[in-house]
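Input: a single structure, listed below in C-alpha cells.
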Amino acid sequence: MVLTHPSIVDGWFREISSQWPGQAMTLKVRKDVLVFESETFGNVLILDGVIQCTERDEFSYQEMIAHLPLASHPNPKKVLVIGGGDGGVVREVLKHDTVEEVVLCDIDEAVIRVSKTYLPHMSSLLASPKVRVYVGDGFKFLADNEGTYDVIITDSSDPVGPAESLFQKPYFQLLHDALTPGGHISTQGECMWIHLPLIHELKNMTSQIFSTSEYAYTTIPTYPSGQIGFMVCAKAPGRDLRTPVREVQGTRYYNKEIHKTAFVLPEFVRALLEEGKDLKPKFGREALALVEKPKKRVLLLGSGFVARPAAEYVVRDPFNELTIACRTLKRLPSTTGISLDVNDAEALGKAVAAHDLVISLIPYTYHAQVIKAAIKGKTHVVTTSYVSPAMRELDEEAKKAGIVVMNEIGLDPGIDHLYAVKTIDEVHAKGGKIKKFLSYCGGLPAPECAGNPLGYKFSWSSRGVLLALLNSAAYLSEGKQLDISGDELMGYAQPYFISPAFAFVAYPNRNSVPFREFYNIPEAETVVRGTLRYAGFPEFIKALVKLGWLDATEKAWLSDELTWAEVSQRVVGANDASEASVVERIKAIYEQDHFGLRWIGLFSDEKVVSRAGNLLDTLCARLEGLMKYEQGERDLVMLQHKFYVEWADGKEDIITSTLEAYGSPSGHSAMALTVGLPCGIATQLVLDGVIKTPGVLAPYTKEICDPIREVLEREGVALVEKVL
C-alpha cells in the first residue's frame, strides 16, 4: 500500500506547525486515511494537519477539560460542548449523574461522522437520549441561548485561522452571557511551554469578564511538549474551582487529587500569571538584546528565491532593523516592508541613505546604481553578484566614502571562493603548488525530481538560465588560454565524475582566467571554473540554439493566434506545420533526438502564449510551466573544487573539496540557503566591523574568507575535503 498524504513521509505522519516552533511530533503510520492507525497510539484523528486525539492518550485531555469545571460545580444539569465532535468530552460529561441534558455544537460535520466510524469508544454516547447534536456556528448558538447552561466546555483547535476567534474577548463574553448565574466554563488553553504569552493574555482577559479565572493543565504525550492547559472560569463570585465537590467514577486519569494539583503551576508560569513576572530563561534574540549595542538599519532590495534565508539571518540580531523592498514577503521580527522603484534615483537614494547597509539581490545590472546611491549616503553594500566593470569603476569613490561594498558572497560566486582560498593557502603554507585547479557548481533538481529531458528545473529566472548558456567563456588549459563563443559553449560540455551516483556533464562558465591572479596561484597551468548539469542537458540546449529558439529579437509575425506547430514551422523553415514536416526539417538542421522538443510541445496544435514578442521569452513562458518545482520536490546543490597539487618533494596529490546539499520541501531550497545564508553572514560581519576595508571587495583573501567561512560552518554548511 502506498501512503500518499502530504503529511506522511516515508511511512511517518509529521505534525509540523508554526504554533510550536522548533519541534515536531511524528507517529508511524499503518493506514493512510483521515484517521490513521498508528503502531503505538491506536487510531489517530488529524484535523488540518494537527493531531487532535489518539486512542492511547485522549482520556487525559477529555477527562480534565470536562471534570475540572463539572466536579467543582455544585449541581450542573445543562451542559454545552462547543467543538469536540469526536464525542470524547460528551462521554466524560455523562459520567456526572446530575447532568440532564448535553448539547454538542460543532461546525464540522465531518469530524462527527469520521469519529463514529473510527473512534467509536469516544463517540458512541452521542447517541444517548440526553445528548442533542447541533451542527453549526458556536457563536450564533451562544448568542441565541443566553443564561441557559450551567457548564460550557469549548474543545477548540489551536488559535490559527477560524479557531483564532475562540481565543478572543467577544467569544468569552458570549460564554459568560450563555451561563446560568452560577455557571462555569472550561476552554482549551494551550501549552505553558510554548504559548505562555497567549495564556497570560487569556488569564488577564477572562479575569475582566468572570469573577474567577484559573489556568490548569494536564499531561498528554501526543500534544506539543506533552502538556496542554485549560482556562477554567466561574461566573459566580467566590467560587472555588480548585476543589471538587463530588467524586467522578470511571476515570483513567482524573481523580480528586489530580483535580487539585492541576492548578498548582510551575513557578515560571505562576509568577507570570499571578504577579506579571517573567522568569523564563533568555536565549537567542532575547539574550542578545540584553547586551548594549547600537541599532543598525538594513535595507534589502529584492525578494526572490534567496532573499528569505538572508533576511532570517540578519534579524537574528535584535539590534538589526530590516527594511525589505517588498510588501508580500512573510513577516519576520524587526522587519518592515516598503515599495521602492530602483529606477527612481531620488527614492532609491533617500531609502539607501536612511540605512547603515543595503543588501542588493536585484539583477546585477542595477548594482552600479545602488552603489552610487550608497556612496552618496555613506551606506555599506552587500551583493551576491560578480563584480562587473561598472561596479569596479566605483572602487575609488567607495574608498573615499569609507564604505564597504562586499560582493560575490552567495554560492557561486561565494562559498566556492571561501573554500578555494582556504585550500590554496594551506597548500602554499606547506610548500606545495597548485598545478591545476578545477571548480564546478550546479543547482539542479534532486535526482528523483529530474525526470524531464533537460534534467533541470528552474529555481531562478528561466530567462537568466537560458541567456547564461549563450555567454562566452575563457579558461586556461596547460598554460594556454582558450576562448569559447556562446553559440559553441555546449559543444565543450564533457562528462565529469564526482560520484558514481551522478551522471554529470561540465562546461566552462564565464572567464576563469583572472582567477589565477585572484586566487594567487600563478603556478597553475590549468584554471577552469564551470557549471554542472545532468547528462543530456547540453545536447538539448544545442538543439534549441541551433534551431533559433534562444533568439531574443522581436518577431513581428509571432502572435497568440499561431499554434506551437505553426511557430516551429516558421522557426525552422518547414514546408508546413505537420509534425512530420517540421521534424524532417529539424533533422536537416540538427541531427539529434527530437523527442525532447515534442515534450516541450513544439509540434502541438496548442495555441502559443507569446511573451515580449520574441522566441526566447515565449519559450521561457512555456518552460516555466513544464519545469517548475512541484510540491514535495527538492533541489540539489553540488559544488566541487579539484586541486592538482605538487609538493616540494615531488609527490603529487589530487585534493577535492565538495558540497552536496539538498533542499527541504517544507523549508528552504538548497539554492536559496547556500546563496542567502552566506550573504546574511557577510552582512552581519560588515555591520560588526569584522569586514571593514573600504572599497569594492570580493572574497579572494584569507582576511575576508576565514571569518565568513567559520560562521558558515557553525551554521552547518561546509565543503568536505578528501585526498584522492
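Order determines the names: the first chain of the C-alpha cells is A, the second B, and so forth; residues in each chain are numbered 1 upward, and ligands are numbered 1 upward as they are shown.
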
Exercise for review: From range 581-646 of chain A, collect each residue whose DSSP state is alpha helix (DSSP H) and return the set as a ChimeraX atom specification.
Suggested key: /A:581-589,595-600,615-626

Let me see the file: selected residues, N, CA, C and O atoms, as a CSV table (one decimal), in the first residue's frame.
chain,number,residue,atom,x,y,z
A,581,SER,N,6.6,17.1,-41.2
A,581,SER,CA,7.3,18.1,-42.0
A,581,SER,C,8.3,18.9,-41.1
A,581,SER,O,9.5,19.1,-41.5
A,582,VAL,N,7.9,19.3,-39.9
A,582,VAL,CA,8.7,20.0,-39.0
A,582,VAL,C,9.9,19.2,-38.6
A,582,VAL,O,11.1,19.6,-38.5
A,583,VAL,N,9.6,17.9,-38.2
A,583,VAL,CA,10.7,17.0,-37.7
A,583,VAL,C,11.7,16.8,-38.9
A,583,VAL,O,12.9,16.7,-38.6
A,584,GLU,N,11.2,16.6,-40.1
A,584,GLU,CA,12.1,16.4,-41.2
A,584,GLU,C,13.1,17.5,-41.4
A,584,GLU,O,14.3,17.4,-41.6
A,585,ARG,N,12.5,18.7,-41.2
A,585,ARG,CA,13.4,19.9,-41.4
A,585,ARG,C,14.3,20.1,-40.2
A,585,ARG,O,15.5,20.5,-40.4
A,586,ILE,N,13.9,19.7,-39.0
A,586,ILE,CA,14.8,19.8,-37.8
A,586,ILE,C,16.0,18.8,-38.0
A,586,ILE,O,17.1,19.2,-37.7
A,587,LYS,N,15.7,17.6,-38.5
A,587,LYS,CA,16.8,16.7,-38.7
A,587,LYS,C,17.8,17.2,-39.7
A,587,LYS,O,19.0,16.9,-39.7
A,588,ALA,N,17.3,18.0,-40.7
A,588,ALA,CA,18.2,18.5,-41.7
A,588,ALA,C,19.1,19.6,-41.1
A,588,ALA,O,20.3,19.8,-41.5
A,589,ILE,N,18.6,20.3,-40.1
A,589,ILE,CA,19.4,21.3,-39.4
A,589,ILE,C,20.3,20.7,-38.3
A,589,ILE,O,21.5,21.1,-38.1
A,595,PHE,N,12.9,14.1,-29.6
A,595,PHE,CA,11.8,13.8,-28.7
A,595,PHE,C,11.6,14.8,-27.5
A,595,PHE,O,10.5,15.0,-27.0
A,596,GLY,N,12.7,15.4,-27.1
A,596,GLY,CA,12.6,16.4,-26.1
A,596,GLY,C,11.8,17.6,-26.6
A,596,GLY,O,11.1,18.3,-25.8
A,597,LEU,N,11.9,17.9,-27.9
A,597,LEU,CA,11.2,19.1,-28.5
A,597,LEU,C,9.7,18.7,-28.5
A,597,LEU,O,8.9,19.6,-28.2
A,598,ARG,N,9.4,17.5,-28.7
A,598,ARG,CA,7.9,17.1,-28.6
A,598,ARG,C,7.4,17.2,-27.2
A,598,ARG,O,6.3,17.6,-26.9
A,599,TRP,N,8.3,16.9,-26.2
A,599,TRP,CA,7.9,17.0,-24.8
A,599,TRP,C,7.6,18.5,-24.4
A,599,TRP,O,6.6,18.8,-23.7
A,600,ILE,N,8.4,19.4,-25.0
A,600,ILE,CA,8.1,20.9,-24.8
A,600,ILE,C,6.7,21.2,-25.4
A,600,ILE,O,6.0,22.1,-24.9
A,615,LEU,N,11.1,34.8,-29.5
A,615,LEU,CA,11.1,33.4,-29.3
A,615,LEU,C,11.6,33.0,-28.0
A,615,LEU,O,11.1,32.1,-27.3
A,616,LEU,N,12.7,33.6,-27.5
A,616,LEU,CA,13.3,33.3,-26.2
A,616,LEU,C,12.3,33.4,-25.1
A,616,LEU,O,12.1,32.5,-24.3
A,617,ASP,N,11.6,34.5,-25.0
A,617,ASP,CA,10.7,34.8,-23.8
A,617,ASP,C,9.5,33.9,-24.0
A,617,ASP,O,8.9,33.5,-23.0
A,618,THR,N,9.0,33.7,-25.2
A,618,THR,CA,7.9,32.8,-25.4
A,618,THR,C,8.2,31.4,-25.0
A,618,THR,O,7.4,30.7,-24.3
A,619,LEU,N,9.4,30.9,-25.3
A,619,LEU,CA,9.9,29.6,-24.9
A,619,LEU,C,10.0,29.5,-23.4
A,619,LEU,O,9.6,28.5,-22.7
A,620,CYS,N,10.5,30.6,-22.7
A,620,CYS,CA,10.6,30.7,-21.3
A,620,CYS,C,9.3,30.5,-20.6
A,620,CYS,O,9.2,29.8,-19.6
A,621,ALA,N,8.3,31.2,-21.1
A,621,ALA,CA,6.9,31.1,-20.5
A,621,ALA,C,6.5,29.6,-20.6
A,621,ALA,O,5.8,29.1,-19.6
A,622,ARG,N,6.7,28.9,-21.7
A,622,ARG,CA,6.4,27.5,-21.8
A,622,ARG,C,7.1,26.7,-20.8
A,622,ARG,O,6.5,25.8,-20.1
A,623,LEU,N,8.4,26.9,-20.7
A,623,LEU,CA,9.3,26.0,-19.9
A,623,LEU,C,9.0,26.3,-18.4
A,623,LEU,O,9.1,25.3,-17.6
A,624,GLU,N,8.6,27.5,-18.0
A,624,GLU,CA,8.3,27.8,-16.6
A,624,GLU,C,7.2,26.9,-16.1
A,624,GLU,O,7.1,26.5,-14.9
A,625,GLY,N,6.2,26.6,-17.0
A,625,GLY,CA,5.1,25.8,-16.6
A,625,GLY,C,5.5,24.3,-16.5
A,625,GLY,O,5.1,23.6,-15.6
A,626,LEU,N,6.4,23.9,-17.5
A,626,LEU,CA,6.8,22.5,-17.5
A,626,LEU,C,7.9,22.1,-16.5
A,626,LEU,O,8.0,21.0,-16.1

Dump as a tab-separated table the rows for residues of range 477-578 of chain A within 12 Å of range 457-461 of chain A: closest atom pair and distance in Å with one decimal, only C-alpha atoms counted, ordered by chain and rising residue number.
residue	atom	partner	partner_atom	distance
A:Arg533	CA	A:Lys457	CA	11.0
A:Tyr534	CA	A:Lys457	CA	11.4
A:Phe537	CA	A:Lys457	CA	11.4

Review point. Quick one: distance from CA of Gly136 in chain A to CA of Pro76 in chain A in Å, one decimal?
Key: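 Taking CA of Gly136 in chain A as the start and CA of Pro76 in chain A as the end point, the length is 24.0 Å.
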
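Residues in contact with range 256-268 of chain A at up to 7 Å, not including ones fewer than 2 positions away on its chain and judged by only C-alpha atoms, are Leu68, Tyr215, Ala216, Tyr217, Thr218, Arg242, Thr243, Pro244, Glu247, Tyr254, Arg270, Ala271, Leu272, Asp278, Leu279 and Lys280 of chain A.
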
Selection above as a file: N, CA and C atoms, as a PDB file, in the first residue's frame:
ATOM      1  N   LEU A  68     -12.852  19.209  35.446  1.00  0.00           N
ATOM      2  CA  LEU A  68     -12.440  20.377  36.240  1.00  0.00           C
ATOM      3  C   LEU A  68     -13.607  21.348  36.439  1.00  0.00           C
ATOM      4  N   TYR A 215      -5.917  28.983  35.417  1.00  0.00           N
ATOM      5  CA  TYR A 215      -5.288  28.132  34.401  1.00  0.00           C
ATOM      6  C   TYR A 215      -4.907  26.817  35.068  1.00  0.00           C
ATOM      7  N   ALA A 216      -5.330  25.710  34.468  1.00  0.00           N
ATOM      8  CA  ALA A 216      -4.970  24.380  34.953  1.00  0.00           C
ATOM      9  C   ALA A 216      -4.406  23.596  33.771  1.00  0.00           C
ATOM     10  N   TYR A 217      -3.813  22.433  34.042  1.00  0.00           N
ATOM     11  CA  TYR A 217      -3.205  21.701  32.933  1.00  0.00           C
ATOM     12  C   TYR A 217      -3.251  20.197  33.153  1.00  0.00           C
ATOM     13  N   THR A 218      -2.984  19.492  32.070  1.00  0.00           N
ATOM     14  CA  THR A 218      -2.861  18.038  32.103  1.00  0.00           C
ATOM     15  C   THR A 218      -1.669  17.638  31.253  1.00  0.00           C
ATOM     16  N   ARG A 242     -10.815  25.033  42.343  1.00  0.00           N
ATOM     17  CA  ARG A 242      -9.705  24.110  42.571  1.00  0.00           C
ATOM     18  C   ARG A 242     -10.100  22.879  43.387  1.00  0.00           C
ATOM     19  N   THR A 243     -11.283  22.928  44.002  1.00  0.00           N
ATOM     20  CA  THR A 243     -11.672  21.830  44.889  1.00  0.00           C
ATOM     21  C   THR A 243     -12.918  21.134  44.356  1.00  0.00           C
ATOM     22  N   PRO A 244     -12.846  19.826  44.089  1.00  0.00           N
ATOM     23  CA  PRO A 244     -14.026  19.108  43.600  1.00  0.00           C
ATOM     24  C   PRO A 244     -15.044  18.924  44.721  1.00  0.00           C
ATOM     25  N   GLU A 247     -17.312  13.073  43.768  1.00  0.00           N
ATOM     26  CA  GLU A 247     -16.455  12.063  43.143  1.00  0.00           C
ATOM     27  C   GLU A 247     -16.919  11.831  41.704  1.00  0.00           C
ATOM     28  N   TYR A 254      -8.272  11.311  35.655  1.00  0.00           N
ATOM     29  CA  TYR A 254      -8.781  12.255  36.645  1.00  0.00           C
ATOM     30  C   TYR A 254      -9.088  11.560  37.973  1.00  0.00           C
ATOM     31  N   ARG A 270       3.353  30.400  37.246  1.00  0.00           N
ATOM     32  CA  ARG A 270       2.626  31.081  38.328  1.00  0.00           C
ATOM     33  C   ARG A 270       3.054  32.537  38.452  1.00  0.00           C
ATOM     34  N   ALA A 271       4.383  32.778  38.380  1.00  0.00           N
ATOM     35  CA  ALA A 271       4.895  34.137  38.566  1.00  0.00           C
ATOM     36  C   ALA A 271       4.356  35.077  37.490  1.00  0.00           C
ATOM     37  N   LEU A 272       4.270  34.606  36.264  1.00  0.00           N
ATOM     38  CA  LEU A 272       3.774  35.470  35.196  1.00  0.00           C
ATOM     39  C   LEU A 272       2.272  35.694  35.327  1.00  0.00           C
ATOM     40  N   ASP A 278       8.292  37.796  34.560  1.00  0.00           N
ATOM     41  CA  ASP A 278       8.765  36.888  33.512  1.00  0.00           C
ATOM     42  C   ASP A 278      10.060  36.228  33.975  1.00  0.00           C
ATOM     43  N   LEU A 279       9.974  34.949  34.351  1.00  0.00           N
ATOM     44  CA  LEU A 279      11.134  34.214  34.853  1.00  0.00           C
ATOM     45  C   LEU A 279      11.743  33.285  33.806  1.00  0.00           C
ATOM     46  N   LYS A 280      11.215  33.302  32.595  1.00  0.00           N
ATOM     47  CA  LYS A 280      11.722  32.394  31.569  1.00  0.00           C
ATOM     48  C   LYS A 280      13.188  32.688  31.267  1.00  0.00           C
TER      49      LYS A 280
END

**Study point:** Nearby residues (only C-alpha atoms) at most 7 Å from Met25 in chain A, same-chain spacing under 2 positions excluded, as an NGL selection string
**Key:** :A and (14-15 or 27)
